[in-house]
Amino acid sequence: MPEIALEMKNITKRFPLVVANDKVNFSVYKGEIHALVGENGAGKSTLMSILYGLYQADSGEIFINGKKANISNPNIAIHLKIGMVHQHFMLVPPLTVAENIILGMEPRKNHFFIDMEKAIKKVEELSESMGFKIDPEAKIENVSVGIQQRVEIIKVLFRGAEILIMDEPTAVLTPQEVEELFEILRSLKKQGKTIIFITHKLNEVKDLSDRVTVMRRGQVVGVKNIKDTNQEEIASMMVGRKVIFKVEKKPLNLGKVTLKVEKLEALNNKGLPAVKDISFEIKEGEILGFAGVEGNGQTELVEVITGLRPASSGKIFLNNRDITNDSPRSIREDKIAHIPEDRRRRGIISDYTVAENLILGSHYLSPFNKGLSLNFAVINNHANHLIKIFDIRPSDKDNLLKSLSGGNQQKVIVARELYGEPKLLVAAQPTRGLDVGSIEFVYQQILNERDKGKAILLISADLEEILSLADRIAVIYEGKIVNILDPKKTNEKEIGLLMTGSTKNKELLKVK
Amino acid sequence: MLGDVFNAQFIASSIRVAIPLALAGLGGVFTEKSGVVNIGLEGMILTGAFTAVAVTNFAKNPWVGVLAAILVGIFLGLIHAITCITFKANQIVSGVAINLFASGITIFFCWLLFGETQIMVKNNLPIWGLSLPNIGEASTLVRNLIVIFAHHSPLVYLTIIIFLLSHIVIYKTPFGLRLRSVGEYPQAADTMGVNIVKMRYIAVLTSGALAGLSGSFLSLEQAHFFVKEMSGGRGFIALAAMIFGKWTPFGTAGAALLFGFGEALSIRLQGVSAVPVQFINMIPYLLAIFVLISAVGRAIPPAASGVPYEKEIV
Ligand SMILES: Nc1ncnc2c1ncn2[C@@H]1O[C@H](COP(=O)(O)OP(=O)(O)O)[C@@H](O)[C@H]1O
Ligand SMILES: [Mg+2]
């Protein structure tokens, strides 16, 4: 029997609207990588926040190395050598890498001052022990998400953590970064650390972990050795039913050209060219997928098409009508729907109710608007109707959006955007951070729209998603379309190479 | 005529006029860096100004007056901290309340204790530094240098020391690192075991102390009297200096000097120019407005400034 590093017994935690953890038992062996999976809202983050002392359980006990622990704040968790990398990075953007790492546990010199040299040296040592280099004096706001995550890991190790909690660490990473992260985690395992790894992505569970605990609606539904299970079994434990992983697509039925983009150029926020000479068409009934590493102009392209960013040159036509640089409102009225990449900032207003969020963008139109005031009878009916059709949970139109899980927030956006029967749907990272059930739902909605003859522009960093949904794949690199591929005649490897700019280097294609 | 206006005396008086703005602005830097907005600086300056004169006259010692002004500033800071940090009330409303309270309470005690709205300072602070040479004893350059740098109230030198110390504290010590993190991203600081409530209390009390000190300089040193509403918007100009100075001590000091220059100019021009005095009095305020307009967009406040910290929303 392996040694037990930590054990949580009968943990219960209630929030005003839900029981987030319901008599949860969770235990982890010393030195293992233990996956914790479950749909969004299953209670994984809550359980880990309790372990880390951010929340207090209403009842239940925690044992660390066999000793009962009362973890009433993160300081105690840190003292018990528990470290947590949060789902939303806990880094202070204007501070440097080293400053973020030492915060709260600063090495000192002459008693009063921070010993920056020592801090920097320690940071370098830790990063080298995991096989990568990092600039301790770079500001967090200037480094990539992948680097930020490494900073989070070093931060935790700097505090001497033996048990490492990673809350959905791969949600924000590119495929390459994910692979690098796995290397880091494996090297930590070799150093004898215990790792708890939260994810929705079941292939990651298989690749990385030794055991898996599955949660559903606040309860643990099972614990398995990875060797003795498979993805289908874990998936059905998570959602309580069988999940179709293969996306069923009807044959392509193309109509007229809906969207035509000609030689489009646009600048990014820093005033540098971000979209360079981009031209493409999307026909009715077609999904054009844009694959690319984030930050290669996808965001700006979407913003230009939806009117949120001016085009510096080039043209955009919707059904042969020039809509370049029209206002976002007029573009919405032309029936271009937008599922934005940054859900929290652009998709919803988190302090508004479900009903209010469902009419954003058409709030000024009849029947929602009657002269000077809103028509709440209609708005409420509308909300109840959409909540039912799109299965938004909890099914109360008066909940604030911020109290919903990410998956349900996304359902609100999808419901609102599809309600107006758009001609063109622009879907940017539509399943980012969603659980299996919600992903399936979003895929189904997108395919329905396609089959109804709508044109769809899909942007995704998830290659599997692009490959299974898109009818054509445009690979974007440094603001340019490097190639447009047929998904049936390509694979992840080829796209992966194209989107990292290895086109010209034919040698590389052969070597790999 | 320009030579009459811009001489060494004028520069020295710009420095003196800048001191209250700089001290209060530095107070603003501390609170805002910790994530609390304090527009109560204005009221804290006013109360400090009154307390300094009242206590000086009773104790017959200006140093006791200065100390009392600091303590009263800390007390008002404590009120602001309790309402904003512990009770998470709206920080602007609390600041406005402090300003209204200050203007009422100072007039009230002024009447109660002295029976008038203007009280003269009976015991002045000394002048420290080199004594001014008589004309002819030293070259004009030496004399001017002494006037500008070495012939001031002790509070001027104290202010310079406070600014140097503040810079070191904010950028070189663990306390400063924690302070900056708390005002930018308190959730992150919390997960690192930083005590947010404690940091914010310390910062708000510090701002109260600095605003009280600022008030004492204003009444004891600059005016040599107290009169009702004598703070005259300096708390707000101090906040403008803080913004223009990008929430850094040295930046704030620079901006305060600029505003001090404007105010000194308006004082100096009153005798000289044909322009109506009302327009000349506008100079410091107009300067503040122009500076703020030009700073808009470039000035990035601490991200969590003005936002109460709620633990259970992650
Ligand atoms: N601070 C909070 N206040 C109220 N409800 C919360 C809070 N945090 C989480 N919840 C609710 O608890 C449930 C579990 O959430 P969470 O632990 O974040 O799930 P997971 O990490 O598995 O996606 C969800 O229904 C969520 O809405
Ligand atoms: Mg979570």
# chains A, B, ... in the order shown; residues from 1 in each chain; ligands from 1
call {"tool": "closest_atom_pairs", "arguments": {"of": "chain A", "to": "chain B", "cutoff": "6 Å", "atoms": "only C-alpha atoms", "output": "Markdown table"}}
result
| residue | atom | partner | partner_atom | distance |
| --- | --- | --- | --- | --- |
| A:Pro74 | CA | B:Gly193 | CA | 5.7 |
| A:Asn75 | CA | B:Gly193 | CA | 5.0 |
| A:Met90 | CA | B:Ala188 | CA | 4.3 |
| A:Leu91 | CA | B:Ala188 | CA | 5.9 |
| A:Val92 | CA | B:Tyr185 | CA | 5.8 |
| A:Gly104 | CA | B:Val194 | CA | 5.6 |
| A:Phe113 | CA | B:Thr173 | CA | 4.5 |
| A:Ile114 | CA | B:Thr173 | CA | 5.1 |
call {"tool": "write_last_selection", "arguments": {"atoms": "C-alpha atoms", "output": "mmCIF file, in the first residue's frame"}}
result
data_model
loop_
_atom_site.group_PDB
_atom_site.id
_atom_site.type_symbol
_atom_site.label_atom_id
_atom_site.label_comp_id
_atom_site.auth_asym_id
_atom_site.auth_seq_id
_atom_site.Cartn_x
_atom_site.Cartn_y
_atom_site.Cartn_z
ATOM 1 C CA PRO A 74 -3.373 29.852 2.984
ATOM 2 C CA ASN A 75 -0.479 30.527 5.354
ATOM 3 C CA MET A 90 -2.702 34.765 -9.191
ATOM 4 C CA LEU A 91 0.027 37.023 -10.507
ATOM 5 C CA VAL A 92 0.342 40.768 -10.144
ATOM 6 C CA GLY A 104 4.804 37.211 1.113
ATOM 7 C CA PHE A 113 15.369 45.184 2.695
ATOM 8 C CA ILE A 114 14.436 42.659 0.059
#
call {"tool": "residues_near_ligand", "arguments": {"ligand": "ligand 1", "cutoff": "9 Å", "atoms": "only C-alpha atoms and all ligand atoms", "output": "number ranges by chain"}}
result
A: 13-21, 37-49, 55, 87, 167-168, 198, 215-218, 394, 402-407, 434-435; B: 311-314
call {"tool": "closest_residue", "arguments": {"among": "B:Val227, B:Met120, B:Leu145, B:Ala49", "to": "Leu71 of chain B", "atoms": "only C-alpha atoms"}}
result
B:Ala49
call {"tool": "closest_residue", "arguments": {"among": "A:Gln219, A:Gln410, A:Ser236, A:Asn320", "to": "Asn10 of chain A", "atoms": "only C-alpha atoms"}}
result
A:Gln219
call {"tool": "closest_residue", "arguments": {"among": "A:Leu365, A:Val412, A:Ile287, A:Leu469", "to": "Val426 of chain A", "atoms": "only C-alpha atoms"}}
result
A:Ile287
